[in-house]
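Data file: run27.cif. Format and content: mmCIF, C-alpha atoms and all ligand atoms.
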```cif
data_my_file
#
loop_
_atom_site.label_atom_id
_atom_site.label_comp_id
_atom_site.auth_asym_id
_atom_site.auth_seq_id
_atom_site.Cartn_x
_atom_site.Cartn_y
_atom_site.Cartn_z
CA MET A 238 146.43 221.28 274.27
CA ASP A 239 144.38 218.19 273.39
CA PRO A 240 146.42 215.27 272.06
CA ILE A 241 145.27 213.95 268.65
CA ASP A 242 146.60 211.50 266.07
CA THR A 243 147.01 213.68 262.99
CA LEU A 244 146.71 217.30 261.89
CA ILE A 245 146.73 217.97 258.14
CA ASN A 246 147.39 221.57 257.11
CA ALA A 247 146.38 222.42 253.56
CA ARG A 248 146.46 225.47 251.29
CA TRP A 249 142.85 224.79 250.30
CA ILE A 250 140.13 222.54 251.70
CA ILE A 251 136.92 221.66 249.86
CA PRO A 252 134.67 220.15 252.55
CA ILE A 253 131.81 219.35 250.08
CA GLU A 254 129.30 220.29 252.78
CA PRO A 255 128.24 223.00 252.31
CA VAL A 256 128.55 222.71 248.54
CA GLY A 257 130.70 225.34 246.81
CA ARG A 258 132.75 226.21 249.90
CA VAL A 259 136.54 226.61 249.63
CA LEU A 260 138.50 227.09 252.87
CA GLU A 261 141.97 228.62 252.64
CA PHE A 262 144.83 227.85 255.04
CA HIS A 263 142.68 225.42 256.97
CA SER A 264 143.37 222.09 258.69
CA VAL A 265 141.69 218.80 259.43
CA ALA A 266 142.20 217.26 262.89
CA ILE A 267 141.95 213.45 263.03
CA GLN A 268 141.49 211.30 266.11
CA ALA A 269 140.84 207.54 266.18
CA GLY A 270 140.20 207.44 262.42
CA ARG A 271 137.55 210.13 262.46
CA ILE A 272 137.41 213.83 261.66
CA LEU A 273 137.51 215.71 264.94
CA ALA A 274 137.55 219.27 263.64
CA VAL A 275 137.99 221.40 260.51
CA GLY A 276 139.18 224.95 261.07
CA PRO A 277 141.81 227.63 260.35
CA THR A 278 145.35 226.25 260.67
CA SER A 279 146.26 229.12 263.02
CA GLU A 280 143.47 228.07 265.38
CA LEU A 281 143.75 224.25 265.25
CA SER A 282 147.54 224.19 265.59
CA GLY A 283 147.14 226.08 268.88
CA ARG A 284 144.35 223.80 270.07
CA PHE A 285 145.72 220.33 269.33
CA ALA A 286 149.00 218.56 270.04
CA ALA A 287 149.17 216.18 267.06
CA ARG A 288 151.37 213.11 267.07
CA GLU A 289 151.81 213.65 263.34
CA ILE A 290 151.59 216.95 261.46
CA VAL A 291 151.28 216.85 257.67
CA ASP A 292 151.92 220.12 255.82
CA ARG A 293 150.55 220.33 252.29
CA THR A 294 151.29 223.91 251.34
CA ASP A 295 150.38 223.79 247.63
CA HIS A 296 147.60 221.25 247.86
CA VAL A 297 143.85 220.96 247.97
CA LEU A 298 142.38 218.53 250.49
CA LEU A 299 138.93 217.03 249.96
CA PRO A 300 137.01 213.85 250.79
CA GLY A 301 138.35 210.79 248.96
CA PHE A 302 136.46 209.95 245.79
CA VAL A 303 133.69 207.37 245.99
CA ASN A 304 133.69 205.25 242.84
CA ALA A 305 130.05 204.21 242.99
CA HIS A 306 130.27 201.41 240.44
CA THR A 307 133.06 199.13 239.38
CA HIS A 308 133.92 195.47 238.85
CA ALA A 309 137.33 195.62 240.49
CA ALA A 310 138.65 192.20 239.45
CA MET A 311 138.09 193.06 235.78
CA THR A 312 141.35 195.02 235.82
CA LEU A 313 142.90 191.72 234.72
CA LEU A 314 140.99 192.09 231.43
CA ARG A 315 142.10 195.69 230.87
CA GLY A 316 142.68 195.91 227.12
CA ALA A 317 141.70 192.28 226.48
CA ALA A 318 138.18 193.02 225.19
CA GLU A 319 138.19 195.94 222.81
CA SER A 320 135.13 195.38 220.63
CA ALA A 321 133.24 198.56 219.78
CA SER A 322 129.92 196.72 220.03
CA PHE A 323 128.43 196.31 223.51
CA GLU A 324 126.75 193.00 222.62
CA ARG A 325 129.94 191.52 221.16
CA TRP A 326 132.08 192.92 223.98
CA LEU A 327 129.86 191.33 226.62
CA ARG A 328 128.84 188.05 225.03
CA THR A 329 131.82 187.03 222.90
CA GLN A 330 134.68 188.65 224.80
CA VAL A 331 134.13 189.40 228.50
CA TRP A 332 131.80 186.60 229.57
CA PRO A 333 133.78 183.76 227.94
CA LEU A 334 137.04 185.13 229.36
CA GLU A 335 135.64 185.48 232.86
CA HIS A 336 133.90 182.13 232.65
CA ARG A 337 137.19 180.49 231.71
CA TRP A 338 139.43 182.14 234.29
CA ILE A 339 137.44 183.27 237.27
CA ASP A 340 138.30 181.80 240.66
CA ALA A 341 139.28 183.13 244.06
CA GLU A 342 142.88 183.83 243.04
CA TYR A 343 141.81 185.75 239.92
CA VAL A 344 139.42 187.91 241.98
CA ARG A 345 142.04 188.58 244.66
CA ASP A 346 144.78 189.57 242.19
CA GLY A 347 142.44 191.66 240.03
CA THR A 348 140.91 193.43 243.03
CA GLU A 349 144.36 194.24 244.41
CA LEU A 350 145.39 195.74 241.08
CA ALA A 351 142.16 197.77 241.11
CA ILE A 352 142.84 199.00 244.65
CA ALA A 353 146.30 200.19 243.56
CA ASP A 354 144.73 201.93 240.54
CA MET A 355 142.07 203.59 242.69
CA LEU A 356 144.20 204.67 245.66
CA THR A 357 146.78 206.30 243.39
CA SER A 358 144.01 208.33 241.75
CA GLY A 359 142.38 209.53 244.96
CA THR A 360 139.56 207.02 245.46
CA THR A 361 138.98 205.86 249.04
CA CYS A 362 135.77 203.85 248.62
CA PHE A 363 134.29 201.80 245.81
CA GLY A 364 131.03 200.04 245.11
CA ASP A 365 131.85 196.64 243.64
CA MET A 366 129.90 194.06 241.68
CA HIS A 367 131.62 190.75 241.05
CA LEU A 368 131.47 187.05 241.75
CA TYR A 369 133.46 185.81 244.78
CA PRO A 370 132.46 188.84 246.90
CA GLU A 371 133.99 187.21 249.99
CA VAL A 372 137.40 187.46 248.27
CA VAL A 373 136.75 191.11 247.38
CA ALA A 374 135.87 191.78 251.04
CA GLN A 375 139.00 190.01 252.33
CA THR A 376 141.21 191.88 249.83
CA VAL A 377 139.70 195.26 250.75
CA SER A 378 140.16 194.48 254.46
CA ALA A 379 143.78 193.49 253.98
CA ALA A 380 144.46 196.72 252.05
CA GLN A 381 142.54 198.73 254.70
CA MET A 382 140.59 200.49 251.97
CA ARG A 383 136.82 201.03 252.10
CA ALA A 384 134.26 199.29 249.90
CA CYS A 385 130.61 198.51 249.60
CA VAL A 386 130.92 194.96 248.32
CA GLY A 387 128.12 193.88 246.00
CA LEU A 388 126.43 190.55 246.72
CA PRO A 389 125.95 189.36 243.14
CA VAL A 390 122.63 187.82 242.10
CA ILE A 391 122.28 186.09 238.72
CA GLU A 392 120.12 183.20 237.57
CA GLU A 393 122.74 181.22 235.65
CA SER A 394 125.02 178.74 237.28
CA THR A 395 128.61 179.97 237.82
CA SER A 396 131.68 178.58 239.54
CA TRP A 397 130.63 180.65 242.59
CA ALA A 398 126.95 179.72 242.87
CA GLU A 399 124.57 177.42 241.05
CA SER A 400 121.45 179.55 241.17
CA ALA A 401 120.04 182.92 242.19
CA GLY A 402 118.89 181.26 245.41
CA GLU A 403 122.42 180.14 246.25
CA CYS A 404 123.75 183.63 245.34
CA LEU A 405 121.37 185.16 247.88
CA GLU A 406 122.16 182.58 250.54
CA LYS A 407 125.93 183.05 250.22
CA GLY A 408 125.61 186.81 249.88
CA LEU A 409 123.49 187.24 252.98
CA LYS A 410 125.93 185.15 254.98
CA LEU A 411 128.72 187.47 253.84
CA HIS A 412 126.61 190.46 254.86
CA ASP A 413 126.32 188.89 258.30
CA ASP A 414 130.07 188.22 258.54
CA TYR A 415 130.84 191.92 257.95
CA ARG A 416 127.96 193.40 259.92
CA ASP A 417 130.17 195.42 262.28
CA ASP A 418 133.19 195.93 260.03
CA PRO A 419 134.43 199.54 259.98
CA LEU A 420 135.60 199.37 256.34
CA VAL A 421 133.56 196.76 254.47
CA THR A 422 129.81 197.09 253.96
CA THR A 423 127.63 195.20 251.51
CA CYS A 424 124.84 195.84 249.02
CA LEU A 425 122.68 193.53 246.98
CA SER A 426 123.76 193.43 243.33
CA PRO A 427 121.13 191.92 241.05
CA TYR A 428 123.02 191.99 237.73
CA ALA A 429 120.36 193.55 235.47
CA SER A 430 116.64 193.44 234.95
CA TRP A 431 116.92 191.39 231.74
CA ALA A 432 119.03 188.76 233.49
CA LEU A 433 116.60 188.10 236.34
CA GLY A 434 113.09 186.73 236.72
CA ASP A 435 110.29 188.38 238.69
CA GLU A 436 110.57 185.93 241.55
CA THR A 437 114.27 186.58 242.07
CA LEU A 438 113.84 190.34 241.90
CA ILE A 439 111.07 190.18 244.51
CA ARG A 440 113.34 188.12 246.80
CA VAL A 441 116.12 190.69 246.36
CA ARG A 442 113.76 193.53 247.22
CA ARG A 443 112.46 191.72 250.31
CA ALA A 444 116.01 191.11 251.56
CA ALA A 445 116.90 194.76 250.90
CA ASP A 446 113.85 196.00 252.80
CA GLU A 447 114.35 193.65 255.74
CA LEU A 448 118.04 194.43 256.21
CA GLU A 449 117.91 198.03 254.90
CA LEU A 450 120.57 196.99 252.42
CA PRO A 451 121.30 199.18 249.39
CA MET A 452 120.83 197.60 245.97
CA SER A 453 123.00 198.25 242.95
CA MET A 454 121.88 197.18 239.49
CA HIS A 455 122.68 197.86 235.82
CA VAL A 456 119.61 199.58 234.33
CA ASN A 457 119.00 200.54 230.70
CA GLU A 458 122.67 200.47 229.72
CA SER A 459 121.81 199.60 226.10
CA ALA A 460 118.86 200.52 223.90
CA ASP A 461 117.94 196.81 223.66
CA GLU A 462 116.97 196.51 227.31
CA VAL A 463 114.43 199.33 227.57
CA VAL A 464 111.40 197.14 226.80
CA ALA A 465 110.97 193.39 227.37
CA GLU A 466 107.82 191.43 226.55
CA GLY A 467 105.89 194.62 225.98
CA GLU A 468 106.75 196.13 229.36
CA ARG A 469 109.21 198.96 229.90
CA THR A 470 112.06 198.00 232.24
CA ILE A 471 111.45 200.92 234.59
CA ALA A 472 107.73 200.05 234.80
CA ARG A 473 108.65 196.44 235.61
CA LEU A 474 111.06 197.47 238.36
CA ASP A 475 108.35 199.76 239.73
CA ARG A 476 105.77 196.95 239.65
CA LEU A 477 108.15 194.64 241.52
CA GLY A 478 108.90 197.28 244.16
CA LEU A 479 112.56 197.77 243.27
CA LEU A 480 112.32 201.51 242.70
CA SER A 481 113.14 202.80 246.18
CA PRO A 482 115.71 205.02 247.91
CA LEU A 483 117.73 201.81 248.47
CA LEU A 484 118.32 201.40 244.71
CA ALA A 485 121.39 202.76 242.92
CA ALA A 486 120.60 202.32 239.22
CA VAL A 487 123.79 202.16 237.19
CA HIS A 488 124.10 203.65 233.64
CA MET A 489 120.46 204.78 233.12
CA ILE A 490 121.01 205.93 229.53
CA HIS A 491 117.79 205.17 227.66
CA LEU A 492 114.82 206.73 229.46
CA ASP A 493 111.66 208.64 228.61
CA ASP A 494 109.90 211.22 230.77
CA VAL A 495 107.58 208.63 232.34
CA ASP A 496 110.61 206.52 233.34
CA LEU A 497 112.40 209.56 234.73
CA ASP A 498 109.40 210.72 236.76
CA ALA A 499 108.88 207.23 238.25
CA CYS A 500 112.56 207.04 239.26
CA ALA A 501 112.59 210.54 240.70
CA ASN A 502 109.36 210.01 242.65
CA ALA A 503 110.75 206.79 244.13
CA GLY A 504 113.94 208.57 245.27
CA ILE A 505 116.44 206.20 243.61
CA SER A 506 120.10 207.13 243.05
CA VAL A 507 121.69 206.99 239.62
CA VAL A 508 125.31 206.10 238.92
CA HIS A 509 126.72 207.83 235.86
CA CYS A 510 129.57 205.93 234.09
CA PRO A 511 130.23 208.12 231.04
CA GLN A 512 133.57 206.73 229.82
CA SER A 513 132.40 203.13 229.71
CA ASN A 514 129.13 204.20 228.07
CA LEU A 515 131.03 206.12 225.38
CA LYS A 516 133.58 203.37 224.80
CA LEU A 517 130.96 200.66 224.33
CA GLY A 518 128.85 202.92 222.11
CA ASN A 519 125.86 202.85 224.45
CA GLY A 520 125.15 206.58 224.46
CA VAL A 521 125.12 209.30 227.09
CA SER A 522 123.09 209.32 230.29
CA PRO A 523 120.74 212.35 230.59
CA VAL A 524 122.40 213.79 233.69
CA ALA A 525 120.87 217.25 233.35
CA ARG A 526 117.40 215.69 233.40
CA PHE A 527 118.30 213.82 236.62
CA LYS A 528 119.45 217.09 238.15
CA ALA A 529 116.29 218.89 237.02
CA ARG A 530 114.36 216.27 239.03
CA ASP A 531 116.66 216.67 242.04
CA MET A 532 117.84 213.05 241.91
CA ASN A 533 120.96 211.80 243.72
CA ILE A 534 123.60 211.57 240.96
CA ALA A 535 126.77 209.57 241.68
CA VAL A 536 129.72 208.74 239.42
CA GLY A 537 131.41 205.40 238.70
CA THR A 538 134.08 204.12 236.35
CA ASN A 539 132.55 200.71 235.65
CA GLY A 540 135.12 197.93 235.21
CA ALA A 541 138.52 198.33 233.60
CA ALA A 542 137.51 196.07 230.69
CA SER A 543 135.41 198.96 229.36
CA ASN A 544 136.97 202.19 230.61
CA ASN A 545 139.98 201.32 230.80
CA ASP A 546 141.25 202.95 233.99
CA LEU A 547 139.58 203.46 237.36
CA SER A 548 140.48 207.13 237.82
CA MET A 549 137.61 209.25 239.08
CA LEU A 550 139.48 212.42 238.05
CA ASP A 551 139.40 211.23 234.48
CA GLU A 552 135.75 210.20 234.77
CA LEU A 553 134.76 213.57 236.22
CA ARG A 554 136.36 215.52 233.41
CA THR A 555 134.61 213.43 230.78
CA ALA A 556 131.30 213.78 232.64
CA ALA A 557 131.62 217.53 233.08
CA LEU A 558 132.63 218.13 229.45
CA LEU A 559 129.83 215.93 228.11
CA ALA A 560 127.26 217.78 230.20
CA ARG A 561 128.57 221.08 228.81
CA GLY A 562 128.57 219.76 225.26
CA ILE A 563 124.99 218.51 225.40
CA PRO A 564 123.33 221.68 226.62
CA SER A 565 120.08 221.58 228.50
CA ALA A 566 117.99 224.75 228.47
CA HIS A 567 117.66 225.23 232.21
CA VAL A 568 120.31 223.06 233.85
CA THR A 569 124.03 223.55 234.24
CA ILE A 570 126.32 221.53 236.49
CA GLU A 571 129.28 223.38 238.01
CA ALA A 572 132.67 221.93 239.01
CA HIS A 573 131.76 222.01 242.71
CA GLU A 574 128.64 219.95 242.04
CA TRP A 575 130.65 217.36 240.11
CA LEU A 576 132.92 217.03 243.14
CA ARG A 577 129.87 216.44 245.32
CA PHE A 578 128.58 213.81 242.88
CA ALA A 579 131.97 212.04 243.08
CA THR A 580 132.09 212.06 246.88
CA LEU A 581 128.99 212.63 249.04
CA ASN A 582 126.42 211.55 246.44
CA GLY A 583 128.39 208.37 245.76
CA ALA A 584 128.45 207.68 249.49
CA ARG A 585 124.67 208.19 249.64
CA ALA A 586 124.12 205.83 246.71
CA LEU A 587 126.02 203.14 248.65
CA GLY A 588 124.21 203.80 251.93
CA LEU A 589 127.26 205.51 253.45
CA GLY A 590 126.17 209.15 253.32
CA GLU A 591 126.13 209.50 257.10
CA VAL A 592 129.67 208.24 257.62
CA ILE A 593 131.81 209.41 254.65
CA GLY A 594 131.69 211.76 251.64
CA SER A 595 132.27 215.15 253.26
CA LEU A 596 134.71 216.70 255.72
CA THR A 597 132.26 216.82 258.58
CA PRO A 598 133.30 216.22 262.20
CA GLY A 599 132.30 212.71 263.29
CA LYS A 600 132.67 211.16 259.83
CA TRP A 601 135.52 208.79 258.99
CA ALA A 602 138.70 210.59 257.92
CA ASP A 603 138.67 209.38 254.30
CA LEU A 604 140.63 212.06 252.47
CA CYS A 605 142.41 212.81 249.24
CA CYS A 606 145.07 215.46 248.73
CA ILE A 607 146.01 216.88 245.32
CA ASP A 608 149.15 218.93 244.58
CA LEU A 609 148.19 221.89 242.39
CA LYS A 610 151.72 223.31 242.05
CA ARG A 611 152.20 222.18 238.47
CA ALA A 612 152.43 224.21 235.29
CA HIS A 613 149.06 222.92 234.11
CA THR A 614 147.15 223.72 237.32
CA GLN A 615 148.45 227.23 238.06
CA PRO A 616 147.36 229.85 238.84
CA VAL A 617 144.46 228.77 241.03
CA TYR A 618 141.29 230.87 240.95
CA ASP A 619 139.04 228.01 241.99
CA PRO A 620 140.58 224.70 243.09
CA ALA A 621 137.37 222.83 242.17
CA ALA A 622 137.70 223.93 238.55
CA GLN A 623 141.38 222.88 238.55
CA ILE A 624 140.49 219.42 239.87
CA VAL A 625 137.66 218.81 237.40
CA PHE A 626 139.08 220.45 234.28
CA ALA A 627 142.88 220.33 234.56
CA ALA A 628 144.40 218.07 237.24
CA SER A 629 145.76 214.61 236.46
CA ARG A 630 146.02 211.52 238.62
CA ASP A 631 149.76 211.83 239.19
CA GLN A 632 149.00 214.95 241.25
CA VAL A 633 147.24 212.89 243.92
CA SER A 634 149.85 213.03 246.69
CA ASP A 635 148.11 211.47 249.69
CA VAL A 636 145.11 209.33 250.53
CA TRP A 637 143.82 208.49 253.99
CA VAL A 638 141.14 205.93 254.81
CA ALA A 639 139.80 206.05 258.37
CA GLY A 640 142.78 208.26 259.23
CA ARG A 641 145.38 205.78 257.92
CA ALA A 642 147.72 207.02 255.19
CA LEU A 643 147.42 204.48 252.35
CA LEU A 644 149.15 206.78 249.85
CA SER A 645 151.86 209.09 251.15
CA SER A 646 153.83 211.49 248.91
CA SER A 647 152.41 209.51 245.95
CA ARG A 648 153.66 206.14 247.25
CA LEU A 649 151.44 203.26 248.34
CA THR A 650 152.17 202.49 251.97
CA ARG A 651 150.60 199.05 252.43
CA LEU A 652 150.33 197.42 249.03
CA ASP A 653 153.46 195.91 247.51
CA LEU A 654 153.00 197.40 244.04
CA GLU A 655 155.81 195.36 242.45
CA ASP A 656 154.16 192.16 243.59
CA VAL A 657 150.69 193.29 242.47
CA LEU A 658 152.01 194.18 239.00
CA GLU A 659 153.94 190.94 238.69
CA ARG A 660 150.82 188.88 239.40
CA ALA A 661 148.83 190.93 236.86
CA GLN A 662 151.54 190.24 234.29
CA ARG A 663 151.36 186.50 235.02
CA TRP A 664 147.57 186.58 234.46
CA ARG A 665 148.09 188.34 231.12
CA GLU A 666 150.46 185.58 230.05
CA ARG A 667 148.02 182.85 231.06
CA ILE A 668 144.99 184.54 229.51
CA SER A 669 146.64 185.51 226.23
CA LYS A 670 148.18 182.04 225.71
CA ALA A 671 144.85 180.26 226.08
ZN ZN A 701 128.93 197.46 235.53
#
```
Would you mind writing the structure in this file as structure tokens?
Amino acid sequence: MDPIDTLINARWIIPIEPVGRVLEFHSVAIQAGRILAVGPTSELSGRFAAREIVDRTDHVLLPGFVNAHTHAAMTLLRGAAESASFERWLRTQVWPLEHRWIDAEYVRDGTELAIADMLTSGTTCFGDMHLYPEVVAQTVSAAQMRACVGLPVIEESTSWAESAGECLEKGLKLHDDYRDDPLVTTCLSPYASWALGDETLIRVRRAADELELPMSMHVNESADEVVAEGERTIARLDRLGLLSPLLAAVHMIHLDDVDLDACANAGISVVHCPQSNLKLGNGVSPVARFKARDMNIAVGTNGAASNNDLSMLDELRTAALLARGIPSAHVTIEAHEWLRFATLNGARALGLGEVIGSLTPGKWADLCCIDLKRAHTQPVYDPAAQIVFAASRDQVSDVWVAGRALLSSSRLTRLDLEDVLERAQRWRERISKA
């Protein structure tokens, strides 16, 4: 028998590729952090001598969720900015608070709290957008989670960089520092079209093209940003060359058919963040129309200041129910497709589609295991439907990233949760006293 690191035996496995497939009484063999084989438990247990065998007899095993858009450090503002108006929330609550408090320590403590929130709800990889990306990268590395760390680009001076030029300079150095890292990758994160001049956007696009770096950007989140100086935002991004397969456009709520066709023809990804969009009163992204155009749809939570949790299970249920409640004549989205959006499509949006997002031999063993033996998730006809429409985050029992168990029997293995929570509490005291 071949020696391997880990063999996980599960009642059900949803490999995501091919879509819609459910494997019963199957196992995943892991060696050196990667998936070596997926097959019937009876076969793999005779083929491999595993150093560790994990039996999950009432559970469904699937790729870990990929949260394709968040601002991890904003967990420290969870519940601190509750305006129902997007403009007020952003300009009079969130920006002043972040401006006042942000530094390396804030970003580290907030990102660690976010990692605890995400791992305990089954997320193994997140796409981040925040200042101090080098601190995000260090924190992710220390936690041994996976992230595509956004290299933020904004024109205004901040405590991190004085100009868009300095943002790019510091960001590209960080990209270089993590070039061969197995867990941390980077993407360019121009904040939003309305916040950036033509020259900066062209520089971002050139850097993306040269380095084949993904870009992640807020696009048409509110109705006010659809047209600027007589030009539609999508037309401007097209003119500047930003519409490309490297772009993951986040939110994408307010669009007409011309916008949609331009985006679909360019092969961009979209990141759907329904809970944040609902909470800030920005509307609902036309997901069925993206699907009708065969676009790559991913799912994100956005930051905890507008969600307010980072659970992808929660996000998926909201997304799936909204899509059912706003019927489109020809397009339906089934539970299995939502799971693909939340895993493989998210990975593709972040430039990681070849290495994570499905249980395919050769990919990193980034996995999430959910216990379905609860009153509210039995009996099981289709585990995908149970995950999307019934399961809750406390049913996430295990999470592996690159074969390492970061959550085991619902307990974090590396993060000291007490310490993380204590630091978050201290930030709340400082921020609320100010
Ligand atoms: Zn955002």
Discussion item. Can you work out which residues are within 10 Å of ligand ZN 701 (chain A), considering all atoms listed in the file, and then hand them over as a VMD selection string?
Written reply: chain A and resid 306 to 309 365 to 367 428 to 429 453 to 456 458 487 to 488 508 510 513 537 to 543
Practice prompt. Neighbourhood query: residues within 12 Å of (119.6, 198.4, 228.0), file coordinates, counting all atoms listed in the file; return as an NGL selection string.
Written response: :A and (323-324 or 429-432 or 454-465 or 469-471 or 486-492 or 514 or 518-520 or 522)
Atoms to include: C-alpha atoms. Write the selected residues as a compact mmCIF listing (two decimals), in the frame of the given file.
```
# COMPACT_ATOMS: atom_id res chain seq x y z
CA PHE A 323 128.43 196.31 223.51
CA GLU A 324 126.75 193.00 222.62
CA ALA A 429 120.36 193.55 235.47
CA SER A 430 116.64 193.44 234.95
CA TRP A 431 116.92 191.39 231.74
CA ALA A 432 119.03 188.76 233.49
CA MET A 454 121.88 197.18 239.49
CA HIS A 455 122.68 197.86 235.82
CA VAL A 456 119.61 199.58 234.33
CA ASN A 457 119.00 200.54 230.70
CA GLU A 458 122.67 200.47 229.72
CA SER A 459 121.81 199.60 226.10
CA ALA A 460 118.86 200.52 223.90
CA ASP A 461 117.94 196.81 223.66
CA GLU A 462 116.97 196.51 227.31
CA VAL A 463 114.43 199.33 227.57
CA VAL A 464 111.40 197.14 226.80
CA ALA A 465 110.97 193.39 227.37
CA ARG A 469 109.21 198.96 229.90
CA THR A 470 112.06 198.00 232.24
CA ILE A 471 111.45 200.92 234.59
CA ALA A 486 120.60 202.32 239.22
CA VAL A 487 123.79 202.16 237.19
CA HIS A 488 124.10 203.65 233.64
CA MET A 489 120.46 204.78 233.12
CA ILE A 490 121.01 205.93 229.53
CA HIS A 491 117.79 205.17 227.66
CA LEU A 492 114.82 206.73 229.46
CA ASN A 514 129.13 204.20 228.07
CA GLY A 518 128.85 202.92 222.11
CA ASN A 519 125.86 202.85 224.45
CA GLY A 520 125.15 206.58 224.46
CA SER A 522 123.09 209.32 230.29
```
Worksheet, complete the sentence: The distance between atom CA of A:Ile253 and atom CA of A:Cys424 is 24.5 Å
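The two atoms in question, atom CA of A:Ala557 and atom CA of A:Arg293, are spaced 27.1 Å apart.
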Discussion item. Applying 9 Å and only C-alpha atoms, which residues near A:Arg665 remain after dropping the ones on its own chain fewer than 5 positions away? List them as a PyMOL selection string.
Written reply: chain A and resi 313-314+317+660+670
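Between A:Leu433 and the candidates A:Arg473, A:His567, A:His573, A:Arg271, the tightest atom-to-atom separation, counting only C-alpha atoms, involves A:Arg473.
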Discussion item. Tell me which residues come within 9 Å of (136.9, 210.5, 235.5), as a PyMOL selection string, counting all atoms listed in the file in the file's coordinates.
Written reply: chain A and resi 510-512+536-538+546-556+625
Per residue of stretch 372-476 of chain A within 12 Å of stretch 603-623 of chain A, which atom pair is closest and at what distance in Å (one decimal), using all atoms listed in the file, listed by chain and increasing number, as CSV?
```
residue,atom,partner,partner_atom,distance
A:Gln381,CA,A:Asp603,CA,11.3
A:Met382,CA,A:Asp603,CA,9.4
A:Arg383,CA,A:Asp603,CA,8.8
A:Ala384,CA,A:Asp603,CA,11.9
A:Leu420,CA,A:Asp603,CA,10.7
```
